[in-house]
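A.B. asks: Input target_30.txt, format and content: compact mmCIF, C-alpha atoms (C1' of nucleotides) and all ligand atoms.
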```txt
# COMPACT_ATOMS: atom_id res chain seq x y z
CA MET L 1 134.95 215.23 85.70
CA PHE L 2 131.58 214.94 87.40
CA SER L 3 130.54 214.10 90.95
CA LYS L 4 129.65 210.51 91.77
CA THR L 5 126.06 211.65 92.19
CA THR L 6 125.95 212.94 88.63
CA GLU L 7 127.78 209.92 87.28
CA TYR L 8 125.35 207.56 88.97
CA ALA L 9 122.41 209.60 87.69
CA ILE L 10 123.60 209.41 84.09
CA ARG L 11 124.13 205.69 84.20
CA VAL L 12 120.85 205.09 85.99
CA VAL L 13 118.97 207.02 83.31
CA ILE L 14 120.57 204.93 80.60
CA TYR L 15 119.96 201.74 82.55
CA LEU L 16 116.30 202.54 83.11
CA SER L 17 115.81 203.58 79.49
CA VAL L 18 116.88 200.14 78.37
CA ASN L 19 115.57 197.95 81.17
CA THR L 20 112.28 199.37 82.43
CA THR L 21 108.82 200.44 81.31
CA PRO L 22 106.03 202.01 83.40
CA SER L 23 104.83 198.47 84.05
CA SER L 24 108.21 196.83 84.57
CA LEU L 25 110.24 198.59 87.20
CA ALA L 26 113.70 198.24 88.67
CA GLY L 27 114.41 198.47 92.41
CA VAL L 28 117.36 200.10 94.13
CA ASN L 29 119.07 196.79 94.74
CA GLU L 30 118.65 195.58 91.19
CA ILE L 31 120.10 198.81 89.82
CA ALA L 32 122.92 198.90 92.34
CA GLY L 33 123.70 195.27 91.65
CA ASN L 34 123.82 195.62 87.89
CA LEU L 35 125.70 198.91 87.80
CA ASN L 36 127.93 198.05 90.72
CA PHE L 37 126.97 201.08 92.80
CA PRO L 38 126.69 201.23 96.61
CA ALA L 39 123.00 200.55 97.15
CA ALA L 40 122.36 202.85 100.12
CA PHE L 41 123.99 205.82 98.48
CA LEU L 42 122.28 205.12 95.19
CA GLY L 43 119.00 205.32 97.08
CA LYS L 44 119.76 208.93 97.89
CA VAL L 45 120.64 209.73 94.32
CA LEU L 46 117.43 208.12 93.11
CA GLN L 47 115.38 210.24 95.51
CA ASP L 48 117.09 213.30 94.11
CA MET L 49 116.37 212.20 90.58
CA VAL L 50 112.70 211.69 91.42
CA LYS L 51 112.50 215.23 92.83
CA LYS L 52 114.06 216.54 89.66
CA GLY L 53 111.61 214.70 87.46
CA LEU L 54 114.10 212.46 85.72
CA ILE L 55 112.57 209.24 86.97
CA ILE L 56 109.38 208.04 88.62
CA SER L 57 109.19 205.95 91.78
CA VAL L 58 106.60 203.47 92.94
CA LYS L 59 106.47 202.36 96.55
CA GLY L 60 105.45 199.06 97.97
CA PRO L 61 105.69 195.49 96.74
CA GLY L 62 106.59 195.32 93.07
CA GLY L 63 107.68 198.92 93.36
CA GLY L 64 110.80 200.53 92.01
CA PHE L 65 111.79 203.09 89.44
CA TYR L 66 111.22 203.78 85.78
CA LEU L 67 112.11 206.55 83.40
CA ASN L 68 110.00 209.64 83.02
CA ASP L 69 108.94 209.90 79.37
CA ASN L 70 110.36 213.42 79.07
CA THR L 71 113.78 212.16 80.06
CA LEU L 72 114.11 210.26 76.78
CA SER L 73 114.42 213.51 74.87
CA LEU L 74 117.16 214.86 77.11
CA SER L 75 120.88 214.75 76.39
CA ILE L 76 123.56 213.71 78.83
CA LEU L 77 124.38 217.39 79.13
CA ASP L 78 120.79 218.13 80.20
CA ILE L 79 121.10 215.55 82.95
CA VAL L 80 124.40 217.00 84.12
CA GLU L 81 122.82 220.45 84.16
CA LEU L 82 119.97 219.21 86.33
CA MET L 83 122.20 217.32 88.71
CA GLU L 84 125.10 219.70 89.27
CA GLY L 85 124.84 222.59 86.81
CA LEU L 86 127.04 223.48 83.87
CA GLY L 87 129.77 225.27 85.80
CA PHE L 88 132.32 222.76 84.51
CA LEU L 89 132.01 224.29 81.03
CA ASN L 90 133.23 227.64 82.33
CA LYS L 91 136.21 226.43 84.31
CA CYS L 92 139.57 227.83 83.34
CA GLY L 93 142.04 225.25 82.11
CA LEU L 94 144.56 226.36 84.72
CA GLY L 95 142.03 226.33 87.55
CA ILE L 96 141.46 230.04 87.82
CA ASN L 97 137.87 230.16 88.77
CA SER L 98 136.20 232.18 86.05
CA CYS L 99 137.41 231.69 82.53
CA SER L 100 136.70 234.91 80.69
CA PRO L 101 138.12 236.80 77.71
CA GLU L 102 138.64 239.81 79.97
CA ASN L 103 140.93 237.87 82.29
CA PRO L 104 142.56 235.29 80.07
CA CYS L 105 145.11 232.89 81.51
CA PRO L 106 148.22 231.98 79.50
CA ILE L 107 146.46 229.14 77.71
CA HIS L 108 143.04 230.70 77.38
CA GLU L 109 143.01 230.70 73.57
CA GLU L 110 144.38 227.20 73.27
CA TYR L 111 141.86 225.90 75.80
CA LYS L 112 138.76 227.32 74.18
CA ASN L 113 137.81 224.25 72.18
CA VAL L 114 137.98 221.95 75.19
CA PRO L 115 134.64 222.98 76.71
CA GLU L 116 133.31 223.27 73.18
CA SER L 117 134.09 219.65 72.40
CA MET L 118 132.76 218.62 75.80
CA ARG L 119 129.47 220.34 75.15
CA LYS L 120 129.21 218.69 71.77
CA ALA L 121 130.10 215.21 73.02
CA LEU L 122 127.56 215.43 75.82
CA SER L 123 124.69 216.93 73.85
CA ILE L 124 124.83 215.33 70.42
CA LYS L 125 122.84 212.26 71.44
CA SER L 126 119.55 212.03 73.31
CA ILE L 127 118.90 209.30 75.85
CA CYS L 128 116.51 207.92 73.25
CA ASP L 129 119.34 207.71 70.72
CA ILE L 130 121.56 206.02 73.25
CA ARG L 131 118.86 203.49 74.07
CA GLU L 132 118.56 202.68 70.38
CA ASP L 133 122.31 202.23 70.11
CA LEU L 134 122.22 199.83 73.01
CA THR L 135 119.15 197.82 72.02
CA ASP L 136 119.77 197.65 68.28
CA GLY L 137 123.02 195.93 68.95
CA ASN L 138 124.46 197.11 65.66
CA ASN L 139 127.35 198.76 67.44
CA GLU L 140 130.14 197.60 69.68
CA LEU L 141 128.97 198.92 73.03
CA THR L 142 129.85 196.32 75.59
CA ILE L 143 129.40 197.94 78.99
CA ASP L 144 126.33 197.00 81.02
CA PHE L 145 123.89 199.85 81.33
CA MET U 1 139.99 219.39 86.39
CA PHE U 2 143.22 219.21 88.39
CA SER U 3 143.92 219.01 92.10
CA LYS U 4 144.74 222.21 93.95
CA THR U 5 148.27 220.92 94.35
CA THR U 6 148.70 220.68 90.60
CA GLU U 7 146.98 224.00 90.01
CA TYR U 8 149.25 225.72 92.50
CA ALA U 9 152.29 224.06 90.96
CA ILE U 10 151.41 225.28 87.47
CA ARG U 11 150.87 228.83 88.57
CA VAL U 12 153.99 228.83 90.73
CA VAL U 13 156.09 227.71 87.79
CA ILE U 14 154.70 230.52 85.66
CA TYR U 15 155.15 233.00 88.48
CA LEU U 16 158.74 232.00 89.09
CA SER U 17 159.53 232.02 85.37
CA VAL U 18 158.56 235.66 85.21
CA ASN U 19 159.63 236.92 88.61
CA THR U 20 162.81 235.14 89.67
CA THR U 21 166.36 234.35 88.60
CA PRO U 22 168.97 232.20 90.37
CA SER U 23 170.08 235.38 92.10
CA SER U 24 166.66 236.87 92.80
CA LEU U 25 164.43 234.47 94.64
CA ALA U 26 160.85 234.46 95.85
CA GLY U 27 159.84 233.18 99.30
CA VAL U 28 156.75 231.20 100.24
CA ASN U 29 154.99 234.23 101.61
CA GLU U 30 155.71 236.40 98.61
CA ILE U 31 154.39 233.74 96.25
CA ALA U 32 151.36 232.98 98.39
CA GLY U 33 150.62 236.67 98.71
CA ASN U 34 150.84 237.42 95.02
CA LEU U 35 148.98 234.34 93.81
CA ASN U 36 146.49 234.37 96.68
CA PHE U 37 147.29 230.86 97.84
CA PRO U 38 147.24 229.62 101.46
CA ALA U 39 150.87 230.05 102.49
CA ALA U 40 151.25 226.98 104.72
CA PHE U 41 149.78 224.64 102.18
CA LEU U 42 151.76 226.20 99.38
CA GLY U 43 154.88 225.40 101.39
CA LYS U 44 154.06 221.72 101.09
CA VAL U 45 153.49 222.00 97.37
CA LEU U 46 156.79 223.82 96.95
CA GLN U 47 158.62 221.06 98.83
CA ASP U 48 157.06 218.56 96.47
CA MET U 49 158.07 220.62 93.46
CA VAL U 50 161.65 220.77 94.73
CA LYS U 51 161.74 216.98 95.09
CA LYS U 52 160.46 216.66 91.54
CA GLY U 53 163.08 219.00 90.19
CA LEU U 54 160.76 221.70 88.94
CA ILE U 55 162.16 224.38 91.19
CA ILE U 56 165.19 224.97 93.36
CA SER U 57 165.11 226.07 96.99
CA VAL U 58 167.60 228.05 99.04
CA LYS U 59 167.39 228.06 102.82
CA GLY U 60 168.26 230.79 105.22
CA PRO U 61 168.11 234.58 105.06
CA GLY U 62 167.56 235.80 101.53
CA GLY U 63 166.46 232.31 100.66
CA GLY U 64 163.47 231.24 98.63
CA PHE U 65 162.72 229.54 95.35
CA TYR U 66 163.60 229.92 91.72
CA LEU U 67 162.91 227.99 88.58
CA ASN U 68 165.07 225.08 87.49
CA ASP U 69 166.43 225.83 84.03
CA ASN U 70 165.06 222.59 82.63
CA THR U 71 161.56 223.59 83.64
CA LEU U 72 161.49 226.35 81.04
CA SER U 73 161.35 223.78 78.25
CA LEU U 74 158.43 221.90 79.78
CA SER U 75 154.80 222.30 78.81
CA ILE U 76 151.91 222.64 81.23
CA LEU U 77 151.09 219.04 80.40
CA ASP U 78 154.58 217.97 81.51
CA ILE U 79 154.02 219.67 84.84
CA VAL U 80 150.65 218.01 85.28
CA GLU U 81 152.24 214.67 84.46
CA LEU U 82 154.91 215.20 87.13
CA MET U 83 152.46 216.37 89.76
CA GLU U 84 149.53 213.98 89.38
CA GLY U 85 150.02 211.90 86.27
CA LEU U 86 148.11 211.89 83.00
CA GLY U 87 145.24 209.69 84.13
CA PHE U 88 142.80 212.48 83.40
CA LEU U 89 143.43 211.97 79.67
CA ASN U 90 142.14 208.41 79.90
CA LYS U 91 139.03 209.07 81.94
CA CYS U 92 135.77 208.04 80.37
CA GLY U 93 133.36 210.90 79.73
CA LEU U 94 130.67 209.12 81.71
CA GLY U 95 132.94 208.32 84.64
CA ILE U 96 133.54 204.66 83.89
CA ASN U 97 137.06 204.25 85.05
CA SER U 98 138.96 203.07 82.02
CA CYS U 99 138.04 204.54 78.67
CA SER U 100 138.93 201.96 76.09
CA PRO U 101 137.79 201.02 72.59
CA GLU U 102 137.13 197.50 73.85
CA ASN U 103 134.64 198.72 76.43
CA PRO U 104 133.16 201.84 74.89
CA CYS U 105 130.46 203.75 76.74
CA PRO U 106 127.52 205.23 74.82
CA ILE U 107 129.36 208.45 74.07
CA HIS U 108 132.82 206.99 73.58
CA GLU U 109 133.15 208.07 69.94
CA GLU U 110 131.77 211.54 70.51
CA TYR U 111 134.06 212.03 73.50
CA LYS U 112 137.27 211.10 71.77
CA ASN U 113 138.33 214.59 70.80
CA VAL U 114 137.91 215.95 74.31
CA PRO U 115 141.15 214.49 75.73
CA GLU U 116 142.72 215.20 72.37
CA SER U 117 141.97 218.90 72.58
CA MET U 118 143.03 218.90 76.22
CA ARG U 119 146.37 217.41 75.35
CA LYS U 120 146.88 219.94 72.61
CA ALA U 121 145.86 222.93 74.73
CA LEU U 122 148.19 221.90 77.53
CA SER U 123 151.21 220.98 75.45
CA ILE U 124 151.33 223.49 72.62
CA LYS U 125 153.22 226.10 74.64
CA SER U 126 156.33 225.74 76.75
CA ILE U 127 156.77 227.63 80.01
CA CYS U 128 159.36 229.64 78.11
CA ASP U 129 156.73 230.61 75.53
CA ILE U 130 154.31 231.57 78.25
CA ARG U 131 156.92 233.70 79.97
CA GLU U 132 157.52 235.53 76.70
CA ASP U 133 153.80 236.11 76.27
CA LEU U 134 153.64 237.60 79.74
CA THR U 135 156.77 239.73 79.63
CA ASP U 136 156.45 240.95 76.05
CA GLY U 137 153.14 242.47 76.94
CA ASN U 138 151.97 242.32 73.33
CA ASN U 139 148.97 240.28 74.30
CA GLU U 140 145.97 240.78 76.54
CA LEU U 141 146.87 238.57 79.46
CA THR U 142 145.74 240.33 82.58
CA ILE U 143 145.93 237.83 85.40
CA ASP U 144 148.81 238.11 87.83
CA PHE U 145 151.23 235.24 87.49
C1' DA A 1 93.06 193.93 109.05
C1' DA A 2 97.73 192.00 109.01
C1' DA A 3 101.93 191.04 106.95
C1' DA A 4 105.17 191.86 103.50
C1' DT A 5 107.52 194.84 100.42
C1' DA A 6 110.07 198.74 98.88
C1' DA A 7 110.96 203.58 98.70
C1' DA A 8 111.65 207.94 101.71
C1' DA A 9 113.83 210.09 105.22
C1' DG A 10 116.92 211.03 108.86
C1' DA A 11 120.95 210.23 111.55
C1' DC A 12 125.42 208.80 111.49
C1' DA A 13 130.21 207.30 109.72
C1' DT A 14 134.19 207.57 106.63
C1' DT A 15 137.44 209.41 103.60
C1' DC A 16 140.40 212.41 101.40
C1' DA A 17 141.83 216.65 99.63
C1' DC A 18 142.85 220.75 101.54
C1' DA A 19 144.60 223.52 105.03
C1' DT A 20 146.90 225.00 109.50
C1' DC A 21 150.15 224.94 113.29
C1' DT A 22 154.45 223.79 115.54
C1' DT A 23 159.11 222.20 115.65
C1' DT A 24 163.42 221.35 113.36
C1' DT A 25 167.22 222.20 110.22
C1' DA A 26 170.14 224.87 107.24
C1' DT A 27 172.11 229.22 106.03
C1' DT A 28 173.50 233.90 106.49
C1' DA A 29 174.80 238.18 108.69
C1' DA A 30 176.40 240.68 112.42
C1' DT E 1 179.19 232.39 117.85
C1' DT E 2 175.02 234.33 118.33
C1' DA E 3 170.79 235.84 116.40
C1' DA E 4 167.88 236.11 112.62
C1' DT E 5 165.88 234.16 108.57
C1' DA E 6 163.57 230.92 105.77
C1' DA E 7 162.74 226.34 104.12
C1' DA E 8 161.82 221.31 105.68
C1' DA E 9 159.35 218.30 108.27
C1' DG E 10 155.91 216.50 111.28
C1' DA E 11 151.56 216.62 113.65
C1' DT E 12 147.06 218.02 113.60
C1' DG E 13 142.61 220.12 112.04
C1' DT E 14 138.52 220.79 108.74
C1' DG E 15 134.82 220.30 105.46
C1' DA E 16 132.57 218.39 101.70
C1' DA E 17 131.60 214.39 99.08
C1' DT E 18 130.71 209.87 99.63
C1' DG E 19 128.90 205.98 101.93
C1' DT E 20 126.21 203.28 105.78
C1' DC E 21 122.61 202.26 109.02
C1' DT E 22 118.07 202.69 111.09
C1' DT E 23 113.37 204.24 111.18
C1' DT E 24 109.29 205.76 108.83
C1' DT E 25 105.83 205.88 105.26
C1' DA E 26 103.23 204.19 101.41
C1' DT E 27 101.47 200.34 98.85
C1' DT E 28 100.14 195.69 97.79
C1' DT E 29 98.94 190.99 98.77
C1' DT E 30 96.92 187.65 101.59
S1 LIG Q 201 141.01 231.93 81.60
FE1 LIG Q 201 142.06 230.03 81.63
S2 LIG Q 201 141.05 228.97 80.03
FE2 LIG Q 201 140.05 230.91 79.94
S1 LIG Q 202 134.48 204.60 77.43
FE1 LIG Q 202 133.42 206.42 77.91
S2 LIG Q 202 134.54 207.87 76.78
FE2 LIG Q 202 135.58 206.04 76.23
```
Would you mind writing the file's structure down as structure tokens?
C.D. replies:
Amino acid sequence: MFSKTTEYAIRVVIYLSVNTTPSSLAGVNEIAGNLNFPAAFLGKVLQDMVKKGLIISVKGPGGGFYLNDNTLSLSILDIVELMEGLGFLNKCGLGINSCSPENPCPIHEEYKNVPESMRKALSIKSICDIREDLTDGNNELTIDF
Amino acid sequence: MFSKTTEYAIRVVIYLSVNTTPSSLAGVNEIAGNLNFPAAFLGKVLQDMVKKGLIISVKGPGGGFYLNDNTLSLSILDIVELMEGLGFLNKCGLGINSCSPENPCPIHEEYKNVPESMRKALSIKSICDIREDLTDGNNELTIDF
DNA sequence: AAAATAAAAGACATTCACATCTTTTATTAA
DNA sequence: TTAATAAAAGATGTGAATGTCTTTTATTTT
């Protein structure tokens, strides 16, 4: 659904929310190791995320990355929007570029609730909420973030 | 959401359902022209569709393609399944390869109804139904299929 | 200051979906 | 039976996303 860049960004945000503080950072190699991402490419994504204000970087020995405070209040959808935009919510179900009521494809009506449910699924929780889910441990989440 | 190949296949099926009969065919160039697809590439897709039994080809002068009878009873979802499989219904919303209850990601629960609504949107109508919608003209479909 | 560390930046490589071009084969019409 | 037509098949090209490698810059520790 999303580009690798966006996917990595989402999972990095969640990882950093759980595993770092402004005084306890995570380096590229640690993140790449734990999330099983290609380290060199992840470096690029992290730079991008710094530019976009999602995370903060510290150079030099002991350096690394941690989450920008503001990022905690964002939803996954907000992160997707920052990384690659929300065009995916306007895609026609049959691949015709612009889904619109004026030019409906044969399944336009039936398809309407797909982007709707996507938007909901991606925006109902904040990163903060997700961090709580993961740290509280009173759920069944098992994947390493 | 789908590959170009699958997208082209879907729209070709709809086009042929409306515009051809076993005695009135459509050639690659006609289809490509009307649907605004690259003709040479479409040729490859059409070959694939013939192999998969979706359409029937006739060589030589006056030749071209028409819809296999069986195809009329299929849904869009059936066509997607034939062309590229139904893996997209099992993709995790965060991009982790296998969405499963055993290994739920942080938005696993919220994401559940997304593939559900996709499946419904893509399977509720048969190609036959869609052809009726388009030929009856008692709807507002405006895109050329 | 010098050495070590780690991110930033730039250049380069790979891959795959997508697309094009050319040649071959089958069919029809004259 | 020759010429024309159109699909089938094979070879080749392209671009964007993804991934790697090397050099530079900033920071910290000694
Ligand atoms: S035009 Fe196809 S889903 Fe709206
Ligand atoms: S594991 Fe992510 S949606 Fe199911």
A.B. asks: Leaving out DT20 in chain E and any residue of its chain fewer than 6 positions from it, which residues lie within 9 Å of it when counting all atoms listed in the file, given as a CSV table (one decimal) with C-alpha atoms (C1' of nucleotides), in the frame of the given file?
C.D. replies:
```
chain,number,residue,atom,x,y,z
L,40,ALA,CA,122.4,202.8,100.1
L,41,PHE,CA,124.0,205.8,98.5
A,12,DC,C1',125.4,208.8,111.5
A,13,DA,C1',130.2,207.3,109.7
```
A.B. asks: Hey, which residues sit close to ligand LIG 202 (chain Q)? Say within 10 Å, counting only C-alpha atoms (C1' of nucleotides) and all ligand atoms, and write them as a PyMOL selection string.
C.D. replies: (chain L and resi 121+141-143) or (chain U and resi 90-115)
A.B. asks: Using Å and a single decimal, report how far CA of Thr6 in chain U sits from CA of Glu84 in chain U.
C.D. replies: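 Between CA of Glu84 in chain U and CA of Thr6 in chain U the gap works out to 6.9 Å.
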A.B. asks: Would you mind telling me which residue in U:Ile31, U:Val45, U:Ala26, U:Ile10 lies nearest to chain A when using all atoms listed in the file?
C.D. replies: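 Nearest candidate to chain A out of U:Ile31, U:Val45, U:Ala26, U:Ile10: U:Val45.
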A.B. asks: What does the distance between CA of Ile14 in chain U and CA of Asp136 in chain U come to in Å, to one decimal place?
C.D. replies: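 Between these atoms lies a distance of 14.3 Å.
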A.B. asks: Quick one: which residues from chain A are at most 12 Å off chain U, using all atoms listed in the file, as number ranges by chain?
C.D. replies: A: 16-22, 25-29
A.B. asks: I need the chain E residues near chain U as an MDAnalysis selection string; criterion: at most 9 Å, counting only C-alpha atoms (C1' of nucleotides).
C.D. replies: chainID E and resid 4:8
A.B. asks: Since we have the selection now, will you write its residues out, keeping C-alpha atoms (C1' of nucleotides), as a PDB file, in the frame of the given file?
C.D. replies:
```pdb
ATOM      1  C1'  DA E   4     167.880 236.110 112.620  1.00  0.00           C
ATOM      2  C1'  DT E   5     165.880 234.160 108.570  1.00  0.00           C
ATOM      3  C1'  DA E   6     163.570 230.920 105.770  1.00  0.00           C
ATOM      4  C1'  DA E   7     162.740 226.340 104.120  1.00  0.00           C
ATOM      5  C1'  DA E   8     161.820 221.310 105.680  1.00  0.00           C
TER       6       DA E   8
END
```
A.B. asks: Which protein, DNA or RNA residues have an atom at most 12 Å from (118.5, 204.3, 72.8), counting all atoms listed in the file? List them as a ChimeraX atom specification.
C.D. replies: /L:13-19,71-75,125-139,141,145 /U:106-107
A.B. asks: Distance C1' of DT23 in chain A-CA of Met83 in chain U, one decimal place?
C.D. replies: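 A separation of 27.4 Å between them.
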A.B. asks: What would range 23-40 of chain U look like with N, CA, C and O atoms restored, written as a PDB file, in the coordinates of the input?
C.D. replies:
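Contents of out-v9.pdb, freshly written:
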```pdb
ATOM      1  N   SER U  23     169.558 234.433  91.109  1.00  0.00           N
ATOM      2  CA  SER U  23     170.080 235.380  92.100  1.00  0.00           C
ATOM      3  C   SER U  23     168.994 236.291  92.669  1.00  0.00           C
ATOM      4  O   SER U  23     169.263 237.147  93.494  1.00  0.00           O
ATOM      5  N   SER U  24     167.760 236.075  92.250  1.00  0.00           N
ATOM      6  CA  SER U  24     166.660 236.870  92.800  1.00  0.00           C
ATOM      7  C   SER U  24     165.478 235.949  93.052  1.00  0.00           C
ATOM      8  O   SER U  24     164.717 235.628  92.148  1.00  0.00           O
ATOM      9  N   LEU U  25     165.375 235.521  94.308  1.00  0.00           N
ATOM     10  CA  LEU U  25     164.430 234.470  94.640  1.00  0.00           C
ATOM     11  C   LEU U  25     163.094 235.017  95.109  1.00  0.00           C
ATOM     12  O   LEU U  25     162.947 236.213  95.344  1.00  0.00           O
ATOM     13  N   ALA U  26     162.142 234.105  95.270  1.00  0.00           N
ATOM     14  CA  ALA U  26     160.850 234.460  95.850  1.00  0.00           C
ATOM     15  C   ALA U  26     160.552 233.495  96.993  1.00  0.00           C
ATOM     16  O   ALA U  26     160.699 232.287  96.837  1.00  0.00           O
ATOM     17  N   GLY U  27     160.156 234.012  98.152  1.00  0.00           N
ATOM     18  CA  GLY U  27     159.840 233.180  99.300  1.00  0.00           C
ATOM     19  C   GLY U  27     158.400 232.702  99.275  1.00  0.00           C
ATOM     20  O   GLY U  27     157.588 233.184  98.481  1.00  0.00           O
ATOM     21  N   VAL U  28     158.113 231.746 100.168  1.00  0.00           N
ATOM     22  CA  VAL U  28     156.750 231.200 100.240  1.00  0.00           C
ATOM     23  C   VAL U  28     155.718 232.306 100.392  1.00  0.00           C
ATOM     24  O   VAL U  28     154.704 232.323  99.696  1.00  0.00           O
ATOM     25  N   ASN U  29     156.012 233.220 101.308  1.00  0.00           N
ATOM     26  CA  ASN U  29     154.990 234.230 101.610  1.00  0.00           C
ATOM     27  C   ASN U  29     154.781 235.203 100.470  1.00  0.00           C
ATOM     28  O   ASN U  29     153.654 235.628 100.210  1.00  0.00           O
ATOM     29  N   GLU U  30     155.872 235.539  99.784  1.00  0.00           N
ATOM     30  CA  GLU U  30     155.710 236.400  98.610  1.00  0.00           C
ATOM     31  C   GLU U  30     154.832 235.724  97.565  1.00  0.00           C
ATOM     32  O   GLU U  30     153.882 236.320  97.049  1.00  0.00           O
ATOM     33  N   ILE U  31     155.152 234.460  97.275  1.00  0.00           N
ATOM     34  CA  ILE U  31     154.390 233.740  96.250  1.00  0.00           C
ATOM     35  C   ILE U  31     152.928 233.623  96.664  1.00  0.00           C
ATOM     36  O   ILE U  31     152.015 233.938  95.895  1.00  0.00           O
ATOM     37  N   ALA U  32     152.728 233.172  97.906  1.00  0.00           N
ATOM     38  CA  ALA U  32     151.360 232.980  98.390  1.00  0.00           C
ATOM     39  C   ALA U  32     150.588 234.294  98.351  1.00  0.00           C
ATOM     40  O   ALA U  32     149.419 234.333  97.965  1.00  0.00           O
ATOM     41  N   GLY U  33     151.279 235.368  98.722  1.00  0.00           N
ATOM     42  CA  GLY U  33     150.620 236.670  98.710  1.00  0.00           C
ATOM     43  C   GLY U  33     150.205 237.080  97.312  1.00  0.00           C
ATOM     44  O   GLY U  33     149.065 237.482  97.081  1.00  0.00           O
ATOM     45  N   ASN U  34     151.118 236.950  96.373  1.00  0.00           N
ATOM     46  CA  ASN U  34     150.840 237.420  95.020  1.00  0.00           C
ATOM     47  C   ASN U  34     149.851 236.537  94.265  1.00  0.00           C
ATOM     48  O   ASN U  34     149.090 237.012  93.433  1.00  0.00           O
ATOM     49  N   LEU U  35     149.883 235.235  94.540  1.00  0.00           N
ATOM     50  CA  LEU U  35     148.980 234.340  93.810  1.00  0.00           C
ATOM     51  C   LEU U  35     147.715 234.040  94.614  1.00  0.00           C
ATOM     52  O   LEU U  35     146.835 233.319  94.149  1.00  0.00           O
ATOM     53  N   ASN U  36     147.659 234.577  95.828  1.00  0.00           N
ATOM     54  CA  ASN U  36     146.490 234.370  96.680  1.00  0.00           C
ATOM     55  C   ASN U  36     146.269 232.902  97.016  1.00  0.00           C
ATOM     56  O   ASN U  36     145.161 232.382  96.904  1.00  0.00           O
ATOM     57  N   PHE U  37     147.349 232.248  97.403  1.00  0.00           N
ATOM     58  CA  PHE U  37     147.290 230.860  97.840  1.00  0.00           C
ATOM     59  C   PHE U  37     147.483 230.819  99.355  1.00  0.00           C
ATOM     60  O   PHE U  37     148.147 231.685  99.917  1.00  0.00           O
ATOM     61  N   PRO U  38     146.956 229.800 100.034  1.00  0.00           N
ATOM     62  CA  PRO U  38     147.240 229.620 101.460  1.00  0.00           C
ATOM     63  C   PRO U  38     148.718 229.293 101.654  1.00  0.00           C
ATOM     64  O   PRO U  38     149.204 228.280 101.138  1.00  0.00           O
ATOM     65  N   ALA U  39     149.407 230.128 102.406  1.00  0.00           N
ATOM     66  CA  ALA U  39     150.870 230.050 102.490  1.00  0.00           C
ATOM     67  C   ALA U  39     151.364 228.698 103.013  1.00  0.00           C
ATOM     68  O   ALA U  39     152.286 228.103 102.445  1.00  0.00           O
ATOM     69  N   ALA U  40     150.755 228.209 104.096  1.00  0.00           N
ATOM     70  CA  ALA U  40     151.250 226.980 104.720  1.00  0.00           C
ATOM     71  C   ALA U  40     151.115 225.800 103.764  1.00  0.00           C
ATOM     72  O   ALA U  40     152.027 224.973 103.635  1.00  0.00           O
TER      73      ALA U  40
END
```
